[in-house]
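A.B. asks: Provided below: target.tsv, containing TSV, C-alpha atoms.
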```
chain	number	residue	atom	x	y	z
A	25	MET	CA	107.76	123.42	128.27
A	26	SER	CA	108.61	121.09	125.40
A	27	GLU	CA	107.97	122.16	121.88
A	28	GLN	CA	105.20	120.17	120.16
A	29	THR	CA	105.77	118.97	116.63
A	30	GLU	CA	102.89	119.50	114.23
A	31	PRO	CA	101.16	116.34	112.99
A	32	ILE	CA	102.41	115.28	109.57
A	33	ARG	CA	100.00	114.27	106.83
A	34	ALA	CA	101.49	111.30	105.04
A	35	SER	CA	101.01	111.18	101.26
A	36	GLY	CA	98.09	108.74	101.59
A	37	SER	CA	96.11	111.21	103.75
A	38	VAL	CA	96.97	109.55	107.08
A	39	VAL	CA	97.95	112.02	109.78
A	40	LEU	CA	100.86	110.91	112.00
A	41	ASP	CA	101.62	112.78	115.19
A	42	GLU	CA	104.98	112.81	117.00
A	43	THR	CA	104.02	109.80	119.14
A	44	ASP	CA	102.97	107.76	116.08
A	45	ARG	CA	106.29	108.54	114.40
A	46	LEU	CA	108.17	107.55	117.58
A	47	LEU	CA	106.29	104.23	117.82
A	48	LEU	CA	106.95	103.51	114.14
A	49	ALA	CA	110.65	104.28	114.60
A	50	HIS	CA	110.84	101.82	117.52
A	51	LEU	CA	108.95	99.15	115.57
A	52	GLY	CA	111.19	99.72	112.57
A	53	ARG	CA	114.25	99.00	114.70
A	54	ASP	CA	112.74	96.00	116.48
A	55	GLY	CA	109.44	94.60	115.23
A	56	ARG	CA	109.44	92.06	118.09
A	57	ALA	CA	109.67	94.65	120.86
A	58	SER	CA	106.90	94.28	123.42
A	59	TYR	CA	104.28	96.98	123.88
A	60	ALA	CA	105.70	97.48	127.39
A	61	ASP	CA	109.25	98.01	126.07
A	62	ILE	CA	108.05	100.45	123.43
A	63	GLY	CA	105.92	102.16	126.07
A	64	LEU	CA	108.98	102.73	128.26
A	65	LEU	CA	110.78	104.39	125.36
A	66	ALA	CA	107.73	106.44	124.35
A	67	ASN	CA	106.52	107.25	127.88
A	68	LEU	CA	103.21	105.41	127.32
A	69	SER	CA	101.50	102.47	128.94
A	70	ALA	CA	101.60	99.13	127.14
A	71	THR	CA	97.83	99.43	126.58
A	72	ALA	CA	98.21	102.87	124.98
A	73	VAL	CA	100.97	101.55	122.71
A	74	ARG	CA	98.80	98.59	121.67
A	75	ARG	CA	95.85	100.87	120.91
A	76	ARG	CA	97.99	103.19	118.80
A	77	ILE	CA	99.64	100.33	116.89
A	78	ASP	CA	96.25	98.68	116.32
A	79	ARG	CA	94.99	102.01	114.95
A	80	LEU	CA	98.03	102.34	112.68
A	81	ARG	CA	97.42	98.77	111.43
A	82	SER	CA	93.72	99.39	110.79
A	83	ARG	CA	94.61	102.54	108.81
A	84	GLY	CA	97.12	100.60	106.70
A	85	VAL	CA	100.20	102.41	107.99
A	86	VAL	CA	101.54	99.15	109.46
A	87	ARG	CA	100.79	96.30	107.07
A	88	GLY	CA	102.41	93.51	109.06
A	89	PHE	CA	105.43	92.25	110.90
A	90	THR	CA	108.10	90.11	109.31
A	91	VAL	CA	111.44	88.44	109.91
A	92	VAL	CA	114.43	89.99	108.15
A	93	LEU	CA	117.14	87.43	107.49
A	94	ASP	CA	120.80	88.41	107.38
A	95	PRO	CA	122.27	86.78	104.25
A	96	GLU	CA	125.83	87.22	105.55
A	97	VAL	CA	125.09	85.28	108.75
A	98	LEU	CA	123.44	82.53	106.70
A	99	GLY	CA	126.54	82.35	104.48
A	100	TRP	CA	124.63	83.45	101.39
A	101	GLN	CA	127.55	85.00	99.50
A	102	THR	CA	126.16	84.59	95.98
A	103	GLU	CA	124.00	87.45	94.78
A	104	ALA	CA	121.91	87.92	91.65
A	105	PHE	CA	119.32	90.17	90.08
A	106	VAL	CA	116.61	88.30	88.24
A	107	GLU	CA	114.23	89.83	85.72
A	108	ILE	CA	110.85	88.11	85.89
A	109	TYR	CA	108.61	88.00	82.82
A	110	CYS	CA	105.04	87.06	83.67
A	111	ARG	CA	102.13	85.67	81.71
A	112	GLU	CA	99.51	88.18	80.58
A	113	ARG	CA	97.33	89.71	83.26
A	114	THR	CA	99.53	88.67	86.20
A	115	ALA	CA	98.79	91.23	88.89
A	116	PRO	CA	101.59	92.65	91.07
A	117	GLU	CA	99.82	91.10	94.09
A	118	GLU	CA	100.24	87.65	92.49
A	119	ILE	CA	103.94	88.29	91.88
A	120	LEU	CA	104.33	89.43	95.48
A	121	ALA	CA	102.52	86.36	96.83
A	122	SER	CA	104.76	84.09	94.77
A	123	LEU	CA	108.01	85.77	95.80
A	124	ARG	CA	107.18	86.05	99.50
A	125	GLN	CA	107.60	82.31	99.96
A	126	PHE	CA	111.32	82.47	99.08
A	127	ALA	CA	113.64	83.38	101.97
A	128	GLU	CA	116.38	84.07	99.41
A	129	VAL	CA	114.48	87.07	98.00
A	130	VAL	CA	116.13	90.15	99.49
A	131	ALA	CA	113.96	92.67	97.62
A	132	ALA	CA	111.67	92.85	94.61
A	133	TRP	CA	110.20	95.62	92.51
A	134	THR	CA	107.75	95.99	89.66
A	135	VAL	CA	109.52	97.84	86.86
A	136	THR	CA	108.97	99.54	83.53
A	137	GLY	CA	110.28	97.97	80.33
A	138	ASP	CA	110.03	94.38	79.18
A	139	PRO	CA	110.32	92.53	82.51
A	140	ASP	CA	107.42	92.70	84.95
A	141	ALA	CA	109.57	92.53	88.08
A	142	LEU	CA	113.17	92.74	89.21
A	143	VAL	CA	114.17	90.42	92.05
A	144	HIS	CA	117.29	90.63	94.21
A	145	LEU	CA	118.37	87.17	95.42
A	146	ARG	CA	121.05	85.94	97.83
A	147	ALA	CA	122.14	82.30	97.98
A	148	ALA	CA	124.93	80.16	99.41
A	149	ASP	CA	126.44	79.35	96.01
A	150	THR	CA	125.52	79.06	92.33
A	151	ARG	CA	123.90	75.65	92.85
A	152	HIS	CA	121.61	77.12	95.55
A	153	LEU	CA	120.96	80.17	93.34
A	154	GLU	CA	120.03	77.98	90.37
A	155	ALA	CA	117.62	75.94	92.51
A	156	VAL	CA	115.87	79.10	93.75
A	157	ILE	CA	115.58	80.55	90.25
A	158	GLU	CA	114.14	77.28	88.97
A	159	ARG	CA	111.57	77.26	91.80
A	160	ILE	CA	110.61	80.85	90.97
A	161	ARG	CA	110.28	79.95	87.28
A	162	ARG	CA	107.79	77.19	88.21
A	163	GLU	CA	105.44	79.71	89.84
A	164	PRO	CA	102.08	79.86	87.99
A	165	GLY	CA	102.35	83.46	86.71
A	166	VAL	CA	106.00	83.30	85.64
A	167	GLN	CA	106.69	82.77	81.95
A	168	ARG	CA	110.48	83.19	81.92
A	169	SER	CA	113.36	84.90	83.70
A	170	ARG	CA	116.73	86.44	82.95
A	171	SER	CA	119.46	86.52	85.59
A	172	SER	CA	122.58	88.54	86.24
A	173	VAL	CA	124.96	87.24	88.90
A	174	VAL	CA	126.83	89.90	90.89
A	175	LEU	CA	130.62	89.61	90.57
A	176	SER	CA	131.62	92.49	92.86
A	177	GLN	CA	130.00	95.49	94.51
A	178	LEU	CA	131.27	98.83	93.26
A	179	ILE	CA	129.21	101.26	95.37
A	180	GLY	CA	127.12	100.80	98.51
```
Just dump the structure as structure tokens.

C.D. replies:
Amino acid sequence: MSEQTEPIRASGSVVLDETDRLLLAHLGRDGRASYADIGLLANLSATAVRRRIDRLRSRGVVRGFTVVLDPEVLGWQTEAFVEIYCRERTAPEEILASLRQFAEVVAAWTVTGDPDALVHLRAADTRHLEAVIERIRREPGVQRSRSSVVLSQLIG
């Protein structure tokens, strides 16, 4: 008899059982996998997988599916961290909506201190980087920015 793992209560009060965690792990590795493919790996029918994923989406565990670009494959060798300073009362959701339209944004965080957000960018070269930063600066909620271009990676 196989040992059953106890359901885990996630910090937001959502309970995930072993099957939910397995489905999420498969989706995390390949968000384009079909329900049938995931079902084969999880020993479930495609319909059961769809139902569970729909339930996880409705509960906010899965917020969406996205494409993750590989900057190396695109030849985006230039890297920068950009501090974004927003106009008063710019909500994090507005910052997120603005930044999501830029494929060059690798990651972004709201932060403490003077800037409102820190953005990690990748670009082909400094000309490409400058163009992206200028487009970000033209976004409605952005007042100014400050950039640091990465020279070399020390750790990671």

A.B. asks: Rounded to one decimal, what separation in Å do you get between atom CA of A:Leu98 and atom CA of A:Gly165?

C.D. replies: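 Going from atom CA of A:Leu98 over to atom CA of A:Gly165, I get 29.1 Å.
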
A.B. asks: Measuring between all atoms listed in the file, which one of A:Arg76, A:Arg45, A:His144, A:Arg81 shows the shortest distance to A:Ile157?

C.D. replies: A:His144

A.B. asks: Tell me, as a list of chain:residue names, which residues lie within 10 Å of stretch 109-114 of chain A, counting only C-alpha atoms; anything in the same chain fewer than 2 positions away does not count.

C.D. replies: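 Here the answer would be A:Val106, A:Glu107, A:Pro116, A:Glu117, A:Glu118, A:Ile119, A:Asp138, A:Pro139, A:Asp140, A:Ala141, A:Leu142, A:Arg161, A:Glu163, A:Pro164, A:Gly165, A:Val166, A:Gln167, A:Arg168, A:Ser169, A:Arg170.
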
A.B. asks: Would you put the residues from that selection into a file with C-alpha atoms, as a short mmCIF file (atom, residue, chain, number, x, y, z; two decimals), keeping the file's coordinate frame?

C.D. replies:
```
data_model
loop_
_atom_site.label_atom_id
_atom_site.label_comp_id
_atom_site.auth_asym_id
_atom_site.auth_seq_id
_atom_site.Cartn_x
_atom_site.Cartn_y
_atom_site.Cartn_z
CA VAL A 106 116.61 88.30 88.24
CA GLU A 107 114.23 89.83 85.72
CA PRO A 116 101.59 92.65 91.07
CA GLU A 117 99.82 91.10 94.09
CA GLU A 118 100.24 87.65 92.49
CA ILE A 119 103.94 88.29 91.88
CA ASP A 138 110.03 94.38 79.18
CA PRO A 139 110.32 92.53 82.51
CA ASP A 140 107.42 92.70 84.95
CA ALA A 141 109.57 92.53 88.08
CA LEU A 142 113.17 92.74 89.21
CA ARG A 161 110.28 79.95 87.28
CA GLU A 163 105.44 79.71 89.84
CA PRO A 164 102.08 79.86 87.99
CA GLY A 165 102.35 83.46 86.71
CA VAL A 166 106.00 83.30 85.64
CA GLN A 167 106.69 82.77 81.95
CA ARG A 168 110.48 83.19 81.92
CA SER A 169 113.36 84.90 83.70
CA ARG A 170 116.73 86.44 82.95
#
```

A.B. asks: If you take every atom of stretch 124-133 of chain A that the file lists and fit an axis-aligned box around them with 3 Å extra on each side, what centre and edge lengths come out in Å to one decimal, as lines of an AutoDock Vina configuration file?

C.D. replies:
```
center_x = 111.8
center_y = 89.0
center_z = 97.2
size_x = 15.2
size_y = 19.3
size_z = 15.5
```

A.B. asks: Under the rule that all atoms listed in the file are counted, which of A:Ala132, A:Leu145, A:Ala127, A:Val73 is the nearest residue to A:Tyr59?

C.D. replies: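 Checking each of A:Ala132, A:Leu145, A:Ala127, A:Val73 against A:Tyr59, counting all atoms listed in the file, the winner is A:Val73.
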
A.B. asks: For A:Ala49, list every protein, DNA or RNA residue within 12 Å, evaluated using all atoms listed in the file, and leave out those in the same chain fewer than 4 positions away; present the list as a ChimeraX atom specification.

C.D. replies: /A:42-45,53-55,57,62,65-66,77,86
